[in-house]
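File shown: model_32.cif (mmCIF, C-alpha atoms and all ligand atoms).
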```
data_run
loop_
_atom_site.label_atom_id
_atom_site.label_comp_id
_atom_site.auth_asym_id
_atom_site.auth_seq_id
_atom_site.Cartn_x
_atom_site.Cartn_y
_atom_site.Cartn_z
CA MET H 7 -49.36 32.37 -30.25
CA ARG H 8 -47.03 35.35 -29.95
CA ARG H 9 -45.38 35.48 -26.55
CA PRO H 10 -44.54 38.88 -25.04
CA THR H 11 -40.83 39.79 -25.25
CA SER H 12 -40.51 39.77 -21.45
CA PHE H 13 -41.78 36.16 -21.36
CA LYS H 14 -39.19 35.09 -23.99
CA LEU H 15 -36.52 36.92 -22.07
CA SER H 16 -37.48 35.15 -18.84
CA CYS H 17 -37.32 31.77 -20.60
CA LEU H 18 -33.90 32.60 -21.99
CA LEU H 19 -32.63 33.72 -18.60
CA LEU H 20 -34.03 30.59 -16.97
CA ALA H 21 -32.42 28.34 -19.57
CA ALA H 22 -29.11 30.17 -19.13
CA ALA H 23 -29.38 29.83 -15.35
CA VAL H 24 -30.08 26.09 -15.60
CA MET H 25 -27.05 25.69 -17.85
CA VAL H 26 -24.61 27.63 -15.71
CA LEU H 27 -25.95 27.05 -12.20
CA PRO H 28 -24.22 23.77 -11.24
CA ALA H 29 -20.82 25.00 -12.38
CA SER H 30 -21.05 28.51 -10.93
CA LYS H 31 -22.42 27.21 -7.62
CA ALA H 32 -19.52 24.79 -7.36
CA VAL H 33 -16.95 27.38 -8.41
CA ALA H 34 -18.36 29.74 -5.79
CA GLN H 35 -18.01 27.05 -3.12
CA ASN H 36 -14.47 26.32 -4.18
CA SER H 37 -13.38 29.96 -4.49
CA GLN H 38 -14.00 30.40 -0.81
CA LEU H 39 -11.54 27.59 -0.16
CA ALA H 40 -8.45 28.62 -2.11
CA ALA H 41 -9.03 32.29 -2.80
CA THR H 42 -5.25 32.62 -3.11
CA PRO H 43 -2.87 29.76 -4.02
CA PRO H 44 -2.62 27.28 -1.12
CA MET H 45 0.53 27.56 1.02
CA GLY H 46 1.96 24.95 3.33
CA TRP H 47 4.20 21.90 3.39
CA ASN H 48 4.06 18.42 1.85
CA SER H 49 5.99 15.37 3.01
CA TRP H 50 6.91 13.85 -0.36
CA ASN H 51 9.91 15.78 -1.71
CA HIS H 52 12.04 15.19 1.36
CA PHE H 53 10.58 12.22 3.29
CA ALA H 54 8.95 10.28 0.42
CA GLY H 55 7.92 6.79 1.61
CA LYS H 56 9.59 7.15 5.02
CA VAL H 57 7.29 9.82 6.43
CA THR H 58 5.86 9.14 9.90
CA GLU H 59 3.46 10.87 12.25
CA ALA H 60 6.45 12.20 14.20
CA ASP H 61 7.80 13.89 11.03
CA VAL H 62 4.43 15.52 10.39
CA ARG H 63 4.18 16.77 13.97
CA ALA H 64 7.73 18.10 13.73
CA ALA H 65 6.84 19.88 10.47
CA ALA H 66 3.82 21.50 12.16
CA ASP H 67 5.97 22.59 15.12
CA ALA H 68 8.60 24.04 12.78
CA MET H 69 6.00 25.86 10.72
CA VAL H 70 5.00 27.76 13.83
CA ALA H 71 8.49 28.23 15.33
CA SER H 72 10.08 29.43 12.07
CA GLY H 73 7.37 32.02 11.40
CA MET H 74 6.13 30.17 8.33
CA ARG H 75 2.58 29.87 9.65
CA ASP H 76 2.44 33.60 10.25
CA ALA H 77 3.76 34.19 6.73
CA GLY H 78 0.82 32.20 5.31
CA TYR H 79 1.97 28.55 5.22
CA ILE H 80 -1.07 26.80 6.66
CA TYR H 81 -1.47 23.31 5.16
CA VAL H 82 0.52 20.40 6.58
CA ASN H 83 0.07 17.74 3.91
CA ILE H 84 0.79 14.03 4.27
CA ASP H 85 1.59 12.55 0.88
CA ASP H 86 1.65 8.89 -0.14
CA THR H 87 2.45 5.91 2.18
CA TRP H 88 0.19 6.67 5.15
CA GLU H 89 -2.42 4.11 4.02
CA GLY H 90 -3.07 0.82 5.80
CA GLN H 91 -5.60 -1.92 5.09
CA ARG H 92 -9.37 -1.58 4.97
CA ASP H 93 -11.38 -3.04 7.85
CA ALA H 94 -14.16 -5.60 7.35
CA ALA H 95 -16.59 -2.81 6.50
CA GLY H 96 -14.20 -1.38 3.90
CA ASN H 97 -13.09 1.64 5.96
CA ILE H 98 -9.51 2.71 5.21
CA GLN H 99 -7.12 2.56 8.18
CA PRO H 100 -3.81 4.34 8.45
CA ASN H 101 -0.76 2.07 8.68
CA SER H 102 1.53 1.74 11.69
CA LYS H 103 3.48 4.91 10.76
CA PHE H 104 0.29 6.92 11.51
CA PRO H 105 -1.31 5.29 14.56
CA ASP H 106 -3.83 8.07 15.28
CA MET H 107 -4.94 10.23 12.38
CA LYS H 108 -7.66 12.05 14.31
CA GLY H 109 -5.18 12.81 17.11
CA LEU H 110 -2.73 14.14 14.52
CA ALA H 111 -5.41 16.35 12.98
CA ASP H 112 -6.34 17.69 16.41
CA TYR H 113 -2.68 18.45 17.11
CA VAL H 114 -2.19 20.23 13.77
CA HIS H 115 -5.41 22.21 14.28
CA SER H 116 -4.33 23.21 17.80
CA LYS H 117 -1.36 24.99 16.18
CA GLY H 118 -3.62 27.04 13.89
CA LEU H 119 -2.74 24.84 10.90
CA LYS H 120 -4.67 22.50 8.62
CA LEU H 121 -4.05 18.87 7.73
CA GLY H 122 -3.91 17.42 4.22
CA ILE H 123 -3.95 13.84 3.02
CA TYR H 124 -3.36 11.90 -0.20
CA SER H 125 -5.16 9.23 -2.22
CA SER H 126 -5.78 7.96 -5.75
CA PRO H 127 -8.84 7.24 -7.88
CA GLY H 128 -7.15 3.91 -8.69
CA PRO H 129 -7.02 0.79 -6.49
CA LYS H 130 -3.35 1.54 -5.68
CA THR H 131 -1.48 4.77 -5.08
CA CYS H 132 1.74 5.51 -6.96
CA ALA H 133 3.76 3.93 -4.13
CA GLY H 134 1.52 0.85 -4.18
CA TYR H 135 -0.66 1.57 -1.12
CA PRO H 136 -4.48 1.24 -1.17
CA GLY H 137 -6.27 3.90 -3.25
CA SER H 138 -9.91 5.00 -3.16
CA TYR H 139 -11.23 3.04 -6.16
CA GLY H 140 -14.75 1.83 -5.31
CA HIS H 141 -14.56 3.51 -1.87
CA GLU H 142 -14.70 7.18 -2.83
CA GLN H 143 -17.56 8.32 -0.57
CA GLN H 144 -16.43 6.08 2.28
CA ASP H 145 -12.91 7.55 2.12
CA ALA H 146 -14.15 11.13 1.88
CA ASP H 147 -16.33 10.50 4.94
CA THR H 148 -13.36 9.02 6.79
CA TYR H 149 -11.21 12.05 5.95
CA ALA H 150 -13.96 14.38 7.18
CA LYS H 151 -14.30 12.34 10.38
CA TRP H 152 -10.58 12.61 11.03
CA GLY H 153 -10.66 16.38 10.40
CA ILE H 154 -8.80 16.52 7.08
CA ASP H 155 -8.77 19.86 5.26
CA TYR H 156 -7.02 19.11 1.94
CA LEU H 157 -6.91 16.11 -0.40
CA LYS H 158 -4.30 15.47 -3.09
CA TYR H 159 -5.84 12.96 -5.50
CA ASP H 160 -3.21 11.30 -7.65
CA LEU H 161 -4.12 9.38 -10.83
CA CYS H 162 -1.53 6.55 -10.42
CA SER H 163 -3.09 3.11 -11.07
CA TYR H 164 -6.33 4.57 -12.43
CA HIS H 165 -4.34 5.18 -15.61
CA GLY H 166 -4.11 1.39 -16.03
CA ILE H 167 -7.87 1.02 -15.56
CA MET H 168 -8.49 3.66 -18.24
CA LYS H 169 -6.25 1.81 -20.66
CA ARG H 170 -7.78 -1.55 -19.85
CA GLU H 171 -11.40 -0.41 -20.16
CA ALA H 172 -10.96 1.81 -23.22
CA PRO H 173 -7.99 0.39 -25.11
CA GLY H 174 -6.82 2.59 -27.98
CA ASP H 175 -9.57 5.15 -27.32
CA PRO H 176 -7.99 8.23 -25.71
CA GLN H 177 -11.25 10.20 -25.89
CA LYS H 178 -13.02 7.60 -23.78
CA GLN H 179 -10.03 7.36 -21.45
CA TRP H 180 -10.06 11.13 -20.85
CA LYS H 181 -13.81 10.97 -20.13
CA MET H 182 -13.21 8.22 -17.57
CA MET H 183 -10.47 10.29 -15.94
CA GLN H 184 -12.69 13.36 -15.71
CA ALA H 185 -15.51 11.27 -14.27
CA ALA H 186 -13.16 9.77 -11.67
CA TYR H 187 -12.06 13.26 -10.54
CA ASP H 188 -15.66 14.46 -10.53
CA LYS H 189 -16.71 11.49 -8.42
CA MET H 190 -14.28 12.35 -5.62
CA HIS H 191 -15.25 16.00 -5.73
CA GLU H 192 -18.91 15.03 -5.31
CA ALA H 193 -17.89 12.77 -2.44
CA LEU H 194 -16.02 15.64 -0.78
CA LEU H 195 -19.02 17.93 -1.19
CA HIS H 196 -21.27 15.36 0.47
CA THR H 197 -19.11 15.41 3.57
CA HIS H 198 -20.08 19.09 4.10
CA ARG H 199 -16.54 19.70 5.33
CA PRO H 200 -14.53 22.28 3.36
CA ILE H 201 -11.70 20.21 1.85
CA VAL H 202 -9.33 21.75 -0.70
CA TYR H 203 -9.28 19.50 -3.76
CA SER H 204 -5.83 19.10 -5.33
CA MET H 205 -5.85 17.17 -8.60
CA CYS H 206 -2.66 15.36 -9.54
CA GLN H 207 -2.61 13.76 -12.98
CA TYR H 208 0.50 15.46 -14.32
CA GLY H 209 -1.34 17.80 -16.74
CA LEU H 210 -2.84 15.00 -18.85
CA ASP H 211 -5.49 16.00 -21.39
CA ALA H 212 -4.74 19.71 -20.78
CA VAL H 213 -6.26 19.51 -17.31
CA TRP H 214 -6.29 23.32 -16.99
CA SER H 215 -9.09 23.41 -19.60
CA TRP H 216 -11.42 21.07 -17.63
CA GLY H 217 -10.08 21.19 -14.05
CA PRO H 218 -12.63 23.85 -13.02
CA SER H 219 -15.53 21.77 -14.40
CA VAL H 220 -14.69 18.95 -11.96
CA ARG H 221 -14.10 21.70 -9.40
CA GLY H 222 -10.44 21.23 -8.66
CA ASN H 223 -8.95 23.97 -6.51
CA LEU H 224 -5.57 23.22 -8.07
CA TRP H 225 -4.27 20.80 -10.64
CA ARG H 226 -0.77 19.64 -11.40
CA THR H 227 0.30 20.85 -14.83
CA THR H 228 3.44 18.70 -15.19
CA GLY H 229 5.23 15.52 -14.18
CA ASP H 230 7.19 15.40 -10.94
CA ILE H 231 9.68 18.09 -9.98
CA LYS H 232 13.21 17.11 -8.90
CA ASP H 233 15.73 18.92 -6.75
CA ASN H 234 17.89 20.16 -9.61
CA TYR H 235 17.94 23.33 -11.72
CA ALA H 236 17.40 21.56 -15.05
CA ARG H 237 14.14 19.91 -13.99
CA MET H 238 12.85 22.79 -11.85
CA SER H 239 13.47 25.36 -14.58
CA MET H 240 12.11 23.11 -17.32
CA ILE H 241 8.85 22.79 -15.39
CA GLY H 242 8.63 26.41 -14.27
CA PHE H 243 9.45 28.15 -17.52
CA SER H 244 7.12 25.80 -19.46
CA GLN H 245 4.14 27.37 -17.68
CA ALA H 246 4.03 30.43 -19.96
CA GLY H 247 0.58 30.95 -21.45
CA LEU H 248 -1.41 28.99 -18.85
CA GLY H 249 -2.45 32.09 -16.89
CA ARG H 250 -5.89 32.43 -18.39
CA TYR H 251 -6.94 29.12 -16.82
CA ALA H 252 -6.07 30.11 -13.25
CA GLY H 253 -7.69 32.45 -10.75
CA PRO H 254 -9.15 32.61 -7.25
CA GLY H 255 -10.31 29.13 -6.24
CA HIS H 256 -8.61 27.28 -9.12
CA TRP H 257 -4.86 27.28 -9.69
CA ASN H 258 -2.27 25.77 -11.99
CA ASP H 259 0.14 23.68 -9.90
CA PRO H 260 3.66 23.19 -11.29
CA ASP H 261 4.43 20.90 -8.30
CA MET H 262 5.79 21.39 -4.82
CA LEU H 263 8.87 23.36 -3.81
CA GLU H 264 12.35 21.87 -3.53
CA VAL H 265 13.81 24.91 -1.72
CA GLY H 266 16.15 23.72 1.03
CA ASN H 267 16.55 20.13 -0.17
CA GLY H 268 20.20 20.74 -0.94
CA HIS H 269 20.85 20.16 -4.63
CA MET H 270 20.40 23.67 -6.00
CA THR H 271 22.39 26.82 -5.27
CA PRO H 272 20.81 29.70 -3.33
CA ASP H 273 20.42 31.62 -6.62
CA GLU H 274 18.66 28.63 -8.17
CA TYR H 275 16.31 28.32 -5.19
CA ARG H 276 15.60 32.08 -5.37
CA THR H 277 14.69 31.55 -9.04
CA HIS H 278 12.41 28.65 -8.01
CA MET H 279 10.59 30.73 -5.40
CA SER H 280 10.35 33.81 -7.65
CA LEU H 281 9.08 31.88 -10.65
CA TRP H 282 6.45 30.08 -8.57
CA ALA H 283 5.32 33.47 -7.21
CA MET H 284 5.10 34.92 -10.73
CA LEU H 285 3.01 31.87 -11.65
CA ALA H 286 0.57 32.29 -8.74
CA ALA H 287 1.55 28.72 -7.94
CA PRO H 288 0.74 26.90 -4.70
CA LEU H 289 3.69 27.29 -2.32
CA LEU H 290 4.09 23.90 -0.66
CA ALA H 291 7.50 23.63 0.92
CA GLY H 292 9.01 20.18 0.40
CA ASN H 293 12.05 20.25 2.70
CA ASP H 294 12.70 19.12 6.27
CA LEU H 295 11.36 22.17 8.12
CA SER H 296 12.95 21.10 11.40
CA LYS H 297 16.43 21.50 9.88
CA MET H 298 16.41 24.75 7.89
CA ASP H 299 19.50 26.90 7.46
CA ASP H 300 19.25 30.68 7.32
CA THR H 301 19.40 30.83 3.52
CA THR H 302 16.48 28.42 3.19
CA LYS H 303 14.50 30.44 5.73
CA SER H 304 15.28 33.71 3.94
CA ILE H 305 13.89 32.24 0.72
CA LEU H 306 10.75 30.52 2.03
CA LEU H 307 10.01 33.44 4.35
CA ASN H 308 10.54 36.25 1.85
CA ARG H 309 7.34 38.15 2.52
CA ASP H 310 7.82 40.46 -0.47
CA VAL H 311 7.86 37.49 -2.83
CA ILE H 312 5.07 35.70 -0.95
CA ALA H 313 2.94 38.84 -1.36
CA VAL H 314 3.34 38.57 -5.14
CA ASP H 315 2.30 34.91 -5.07
CA GLN H 316 -0.68 35.69 -2.86
CA ASP H 317 -1.85 38.83 -4.62
CA ARG H 318 -5.60 38.91 -4.13
CA MET H 319 -6.41 39.52 -7.81
CA GLY H 320 -4.99 36.09 -8.61
CA ARG H 321 -3.69 36.92 -12.09
CA GLN H 322 -0.94 34.47 -13.08
CA GLY H 323 2.13 36.12 -14.67
CA ASN H 324 3.64 35.36 -18.03
CA ARG H 325 6.82 35.54 -20.06
CA ALA H 326 6.95 39.05 -21.55
CA GLN H 327 10.32 38.84 -23.35
CA ALA H 328 12.95 36.21 -24.03
CA THR H 329 16.31 36.61 -25.72
CA GLY H 330 18.02 33.27 -25.59
CA PRO H 331 18.42 32.34 -21.94
CA PHE H 332 17.45 35.83 -20.69
CA GLU H 333 13.77 36.03 -19.80
CA ILE H 334 11.67 38.83 -18.39
CA TRP H 335 8.35 37.87 -16.83
CA THR H 336 5.65 40.24 -15.63
CA ARG H 337 2.66 39.77 -13.41
CA ARG H 338 -0.17 42.24 -12.94
CA LEU H 339 -0.98 42.83 -9.27
CA SER H 340 -3.85 44.59 -7.54
CA ASP H 341 -3.82 48.37 -7.03
CA GLY H 342 -2.14 48.99 -10.40
CA ALA H 343 1.18 47.41 -9.36
CA TRP H 344 3.23 44.90 -11.33
CA ALA H 345 5.87 42.34 -10.49
CA ILE H 346 8.81 42.12 -12.88
CA ALA H 347 11.25 39.20 -12.75
CA LEU H 348 14.50 39.13 -14.72
CA PHE H 349 15.66 35.52 -15.04
CA ASN H 350 19.11 34.56 -16.28
CA ARG H 351 19.03 30.92 -17.38
CA SER H 352 22.61 31.04 -18.67
CA ARG H 353 25.77 29.81 -17.00
CA TYR H 354 27.26 33.30 -16.60
CA ALA H 355 26.21 36.44 -14.76
CA TYR H 356 24.89 38.98 -17.23
CA PRO H 357 23.47 42.53 -17.24
CA MET H 358 19.78 42.54 -18.13
CA THR H 359 17.52 45.51 -18.86
CA ALA H 360 13.78 45.82 -18.37
CA ASP H 361 12.54 48.48 -20.81
CA PHE H 362 9.26 49.72 -19.36
CA GLN H 363 7.77 50.79 -22.68
CA LYS H 364 8.52 47.43 -24.29
CA LEU H 365 6.90 45.71 -21.32
CA GLY H 366 3.79 47.87 -21.72
CA LEU H 367 4.35 49.66 -18.41
CA ALA H 368 4.26 53.33 -17.44
CA PRO H 369 7.52 55.29 -18.09
CA SER H 370 8.07 56.22 -14.44
CA LEU H 371 7.70 53.59 -11.79
CA HIS H 372 8.28 53.45 -8.10
CA ALA H 373 10.25 50.23 -7.50
CA ARG H 374 11.18 47.86 -4.72
CA ASP H 375 13.78 45.09 -5.07
CA LEU H 376 12.08 42.01 -3.62
CA TRP H 377 15.26 40.06 -2.80
CA SER H 378 17.46 42.85 -1.39
CA HIS H 379 14.32 44.39 0.19
CA ARG H 380 15.53 47.83 -0.89
CA ASP H 381 13.34 50.69 -2.03
CA LEU H 382 14.79 51.86 -5.35
CA GLY H 383 12.85 55.12 -5.55
CA VAL H 384 11.36 56.22 -8.89
CA LEU H 385 12.86 54.64 -12.01
CA HIS H 386 12.52 56.29 -15.41
CA ASN H 387 12.11 54.27 -18.63
CA SER H 388 14.17 51.23 -17.71
CA PHE H 389 15.91 49.18 -15.06
CA THR H 390 19.26 47.41 -15.50
CA ALA H 391 20.87 44.88 -13.17
CA THR H 392 23.51 42.18 -13.36
CA VAL H 393 21.63 38.94 -12.84
CA PRO H 394 23.63 35.99 -11.49
CA SER H 395 23.85 32.73 -13.42
CA HIS H 396 20.63 30.72 -12.94
CA GLY H 397 19.49 33.63 -10.75
CA VAL H 398 16.85 36.31 -10.65
CA VAL H 399 16.27 39.96 -9.86
CA MET H 400 12.68 40.67 -8.93
CA LEU H 401 10.90 43.99 -8.53
CA ARG H 402 7.51 45.27 -7.51
CA VAL H 403 6.71 48.45 -9.41
CA GLN H 404 3.89 50.93 -9.20
CA PRO H 405 3.21 54.09 -11.25
C1 LIG H 501 3.31 10.89 -7.86
C2 LIG H 501 3.09 12.36 -7.58
C3 LIG H 501 4.07 12.84 -6.52
C4 LIG H 501 3.91 12.01 -5.26
C5 LIG H 501 4.08 10.54 -5.57
C6 LIG H 501 3.73 9.66 -4.38
O1 LIG H 501 4.57 10.67 -8.45
O2 LIG H 501 3.21 13.13 -8.74
O3 LIG H 501 3.87 14.20 -6.23
O4 LIG H 501 2.66 12.27 -4.71
O5 LIG H 501 3.22 10.14 -6.65
O6 LIG H 501 3.77 8.31 -4.66
#
```
As structure tokens, how would this structure be written, given the file I've shared?
Ligand code: GLA
Amino acid sequence: MRRPTSFKLSCLLLAAAVMVLPASKAVAQNSQLAATPPMGWNSWNHFAGKVTEADVRAAADAMVASGMRDAGYIYVNIDDTWEGQRDAAGNIQPNSKFPDMKGLADYVHSKGLKLGIYSSPGPKTCAGYPGSYGHEQQDADTYAKWGIDYLKYDLCSYHGIMKREAPGDPQKQWKMMQAAYDKMHEALLHTHRPIVYSMCQYGLDAVWSWGPSVRGNLWRTTGDIKDNYARMSMIGFSQAGLGRYAGPGHWNDPDMLEVGNGHMTPDEYRTHMSLWAMLAAPLLAGNDLSKMDDTTKSILLNRDVIAVDQDRMGRQGNRAQATGPFEIWTRRLSDGAWAIALFNRSRYAYPMTADFQKLGLAPSLHARDLWSHRDLGVLHNSFTATVPSHGVVMLRVQP
């Protein structure tokens, strides 16, 4: 029997809807959560295994007192080593460093901030504390009960399980890893509490290509950052080309900030902050917020640079030109504006020129210097500046 065209069309549309509905529904739910890259603080880079409830409270206090909250830093995230034993019913308990998780969440919320926590799909976290393996829904429910708003889920010992259960079969191992991340996302959804889902598996199996399908709001793209220029720049500059995988609700995460931890120069920390902003990366400060000097504050609180990171269009920037250690990156912003960053990765200060035509930009651009906070007026054809060693000059331009 010949079916009318409209009938065939309806069937096609229905089939298409069935195919795309679960993913688009989930993406829609997630987009509302991290419409711009998450901003906040995480305990690991500075406190590592020593973090206590008092440190987290002090971080929340400092986020308010320093003006960070008002600049957009909202998440106060406890990383590894908060976990205690499970009770007889299998419910995870915090250890003695965190005597009252619900009380801590209430305190953080009372400051207009949100609380994040950490776990692993494996039986042990990277620091050897209990993970969520076999307790995924129970843990998600516990987090929701405490009032948690953000979960960093770190592969750690699950890697060993993948290898043990699928020896020599990377395809099967990757499938297991994806299933493990999907399982926790489902568990989070079932809590009916909006919880940002931060995937941490160091970029394995090109996570950016499947992170959205297990509905991660952000996923680590690399191994761990360290507080030195070599490691920070290696991670940051390796992110070129990943922009097409990121956008509102789902972000590439080149790891947390080291600004203020003491082993980079101010120019190097300005490069760190600028590069992360060009990358639309999550901005999770990793220093001791209760002891910040003015330079650290001026970097973390640079609202011009934060505005680039948080641009509502959510387009990640990219390397536009590189001549040896001299790199120019551009990022398209909303309202026809662009961010331009001139990075000098060499050991000497050097004059660098951004040629607007070569960068595909309009010949005349109104410019603002985002580190000196000076309006540069209208620039014609190009912009030249001496960029310090390991430093950056960053502009916002608009035709
Ligand atoms: C891994 C992660 C780090 C941190 C530690 C905690 O190394 O990549 O960011 O969470 O585990 O043990």
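CA of His269 in chain H to CA of Tyr235 in chain H spans 8.3 Å [interatomic distance, one decimal].
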Report as JSON lines the residues of chain H within 12 Å of ligand LIG 501 (chain H), each with its shortest atom pair and distance in Å (one decimal), using all atoms listed in the file, ordered by chain and increasing residue number.
```
{"residue": "H:Asn48", "atom": "CA", "partner": "H:LIG501", "partner_atom": "O4", "distance": 9.1}
{"residue": "H:Ser49", "atom": "CA", "partner": "H:LIG501", "partner_atom": "O4", "distance": 9.0}
{"residue": "H:Trp50", "atom": "CA", "partner": "H:LIG501", "partner_atom": "C4", "distance": 6.0}
{"residue": "H:Asn51", "atom": "CA", "partner": "H:LIG501", "partner_atom": "O3", "distance": 7.7}
{"residue": "H:His52", "atom": "CA", "partner": "H:LIG501", "partner_atom": "C4", "distance": 11.0}
{"residue": "H:Phe53", "atom": "CA", "partner": "H:LIG501", "partner_atom": "C6", "distance": 10.6}
{"residue": "H:Ala54", "atom": "CA", "partner": "H:LIG501", "partner_atom": "C6", "distance": 7.1}
{"residue": "H:Gly55", "atom": "CA", "partner": "H:LIG501", "partner_atom": "O6", "distance": 7.7}
{"residue": "H:Lys56", "atom": "CA", "partner": "H:LIG501", "partner_atom": "O6", "distance": 11.4}
{"residue": "H:Val57", "atom": "CA", "partner": "H:LIG501", "partner_atom": "C6", "distance": 11.4}
{"residue": "H:Asn83", "atom": "CA", "partner": "H:LIG501", "partner_atom": "O4", "distance": 10.5}
{"residue": "H:Ile84", "atom": "CA", "partner": "H:LIG501", "partner_atom": "O4", "distance": 9.3}
{"residue": "H:Asp85", "atom": "CA", "partner": "H:LIG501", "partner_atom": "O4", "distance": 5.7}
{"residue": "H:Asp86", "atom": "CA", "partner": "H:LIG501", "partner_atom": "C6", "distance": 4.8}
{"residue": "H:Thr87", "atom": "CA", "partner": "H:LIG501", "partner_atom": "O6", "distance": 7.4}
{"residue": "H:Trp88", "atom": "CA", "partner": "H:LIG501", "partner_atom": "O6", "distance": 10.6}
{"residue": "H:Glu89", "atom": "CA", "partner": "H:LIG501", "partner_atom": "O6", "distance": 11.5}
{"residue": "H:Ile123", "atom": "CA", "partner": "H:LIG501", "partner_atom": "O4", "distance": 10.3}
{"residue": "H:Tyr124", "atom": "CA", "partner": "H:LIG501", "partner_atom": "O4", "distance": 7.5}
{"residue": "H:Ser125", "atom": "CA", "partner": "H:LIG501", "partner_atom": "O4", "distance": 8.8}
{"residue": "H:Ser126", "atom": "CA", "partner": "H:LIG501", "partner_atom": "O5", "distance": 9.3}
{"residue": "H:Lys130", "atom": "CA", "partner": "H:LIG501", "partner_atom": "O6", "distance": 9.9}
{"residue": "H:Thr131", "atom": "CA", "partner": "H:LIG501", "partner_atom": "O6", "distance": 6.3}
{"residue": "H:Cys132", "atom": "CA", "partner": "H:LIG501", "partner_atom": "O6", "distance": 4.2}
{"residue": "H:Ala133", "atom": "CA", "partner": "H:LIG501", "partner_atom": "O6", "distance": 4.4}
{"residue": "H:Gly134", "atom": "CA", "partner": "H:LIG501", "partner_atom": "O6", "distance": 7.8}
{"residue": "H:Tyr135", "atom": "CA", "partner": "H:LIG501", "partner_atom": "O6", "distance": 8.8}
{"residue": "H:Pro136", "atom": "CA", "partner": "H:LIG501", "partner_atom": "O6", "distance": 11.4}
{"residue": "H:Gly137", "atom": "CA", "partner": "H:LIG501", "partner_atom": "O6", "distance": 11.1}
{"residue": "H:Leu157", "atom": "CA", "partner": "H:LIG501", "partner_atom": "O4", "distance": 11.2}
{"residue": "H:Lys158", "atom": "CA", "partner": "H:LIG501", "partner_atom": "O4", "distance": 7.8}
{"residue": "H:Tyr159", "atom": "CA", "partner": "H:LIG501", "partner_atom": "O4", "distance": 8.6}
{"residue": "H:Asp160", "atom": "CA", "partner": "H:LIG501", "partner_atom": "C2", "distance": 6.4}
{"residue": "H:Leu161", "atom": "CA", "partner": "H:LIG501", "partner_atom": "C1", "distance": 8.1}
{"residue": "H:Cys162", "atom": "CA", "partner": "H:LIG501", "partner_atom": "C1", "distance": 7.0}
{"residue": "H:Ser163", "atom": "CA", "partner": "H:LIG501", "partner_atom": "O5", "distance": 10.4}
{"residue": "H:Ser204", "atom": "CA", "partner": "H:LIG501", "partner_atom": "O3", "distance": 10.9}
{"residue": "H:Met205", "atom": "CA", "partner": "H:LIG501", "partner_atom": "O2", "distance": 9.9}
{"residue": "H:Cys206", "atom": "CA", "partner": "H:LIG501", "partner_atom": "O2", "distance": 6.3}
{"residue": "H:Gln207", "atom": "CA", "partner": "H:LIG501", "partner_atom": "O2", "distance": 7.2}
{"residue": "H:Tyr208", "atom": "CA", "partner": "H:LIG501", "partner_atom": "O2", "distance": 6.6}
{"residue": "H:Gly209", "atom": "CA", "partner": "H:LIG501", "partner_atom": "O2", "distance": 10.3}
{"residue": "H:Leu210", "atom": "CA", "partner": "H:LIG501", "partner_atom": "O2", "distance": 11.9}
{"residue": "H:Trp225", "atom": "CA", "partner": "H:LIG501", "partner_atom": "O2", "distance": 10.9}
{"residue": "H:Arg226", "atom": "CA", "partner": "H:LIG501", "partner_atom": "O2", "distance": 8.1}
{"residue": "H:Thr227", "atom": "CA", "partner": "H:LIG501", "partner_atom": "O2", "distance": 10.3}
{"residue": "H:Thr228", "atom": "CA", "partner": "H:LIG501", "partner_atom": "O2", "distance": 8.5}
{"residue": "H:Gly229", "atom": "CA", "partner": "H:LIG501", "partner_atom": "O2", "distance": 6.3}
{"residue": "H:Asp230", "atom": "CA", "partner": "H:LIG501", "partner_atom": "O2", "distance": 5.1}
{"residue": "H:Ile231", "atom": "CA", "partner": "H:LIG501", "partner_atom": "O3", "distance": 7.9}
{"residue": "H:Lys232", "atom": "CA", "partner": "H:LIG501", "partner_atom": "O3", "distance": 10.1}
{"residue": "H:Asp259", "atom": "CA", "partner": "H:LIG501", "partner_atom": "O3", "distance": 10.8}
{"residue": "H:Pro260", "atom": "CA", "partner": "H:LIG501", "partner_atom": "O3", "distance": 10.3}
{"residue": "H:Asp261", "atom": "CA", "partner": "H:LIG501", "partner_atom": "O3", "distance": 7.0}
{"residue": "H:Met262", "atom": "CA", "partner": "H:LIG501", "partner_atom": "O3", "distance": 7.6}
{"residue": "H:Leu263", "atom": "CA", "partner": "H:LIG501", "partner_atom": "O3", "distance": 10.7}
{"residue": "H:Glu264", "atom": "CA", "partner": "H:LIG501", "partner_atom": "O3", "distance": 11.7}
{"residue": "H:Leu290", "atom": "CA", "partner": "H:LIG501", "partner_atom": "O3", "distance": 11.2}
{"residue": "H:Gly292", "atom": "CA", "partner": "H:LIG501", "partner_atom": "O3", "distance": 10.3}
```
Go ahead and compute the interatomic distance for CA of Phe362 in chain H and CA of Ser388 in chain H, in Å to one decimal.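 Computed distance, CA of Phe362 in chain H to CA of Ser388 in chain H, equals 5.4 Å.
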To one decimal place in Å, what is the distance between CA of Ala313 in chain H and CA of His372 in chain H?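 Value for the CA of Ala313 in chain H-CA of His372 in chain H distance: 17.0 Å.
Take the candidates H:His256, H:Lys151, H:Lys181, H:Lys103 and check each one against Tyr203 in chain H using only C-alpha atoms; the shortest distance goes to H:His256.
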Could you pull out every residue with an atom within 9 Å of (1.6, 43.0, -13.2), file coordinates, counting only C-alpha atoms, and send them as a PyMOL selection string? chain H and resi 321-323+336-340+342-346+367+402-403
Nearest residue to Ile201 in chain H from the set H:Glu142, H:Glu59, H:Asp155, H:Asp106 (distances using all atoms listed in the file):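 The closest residue to Ile201 in chain H is H:Asp155.
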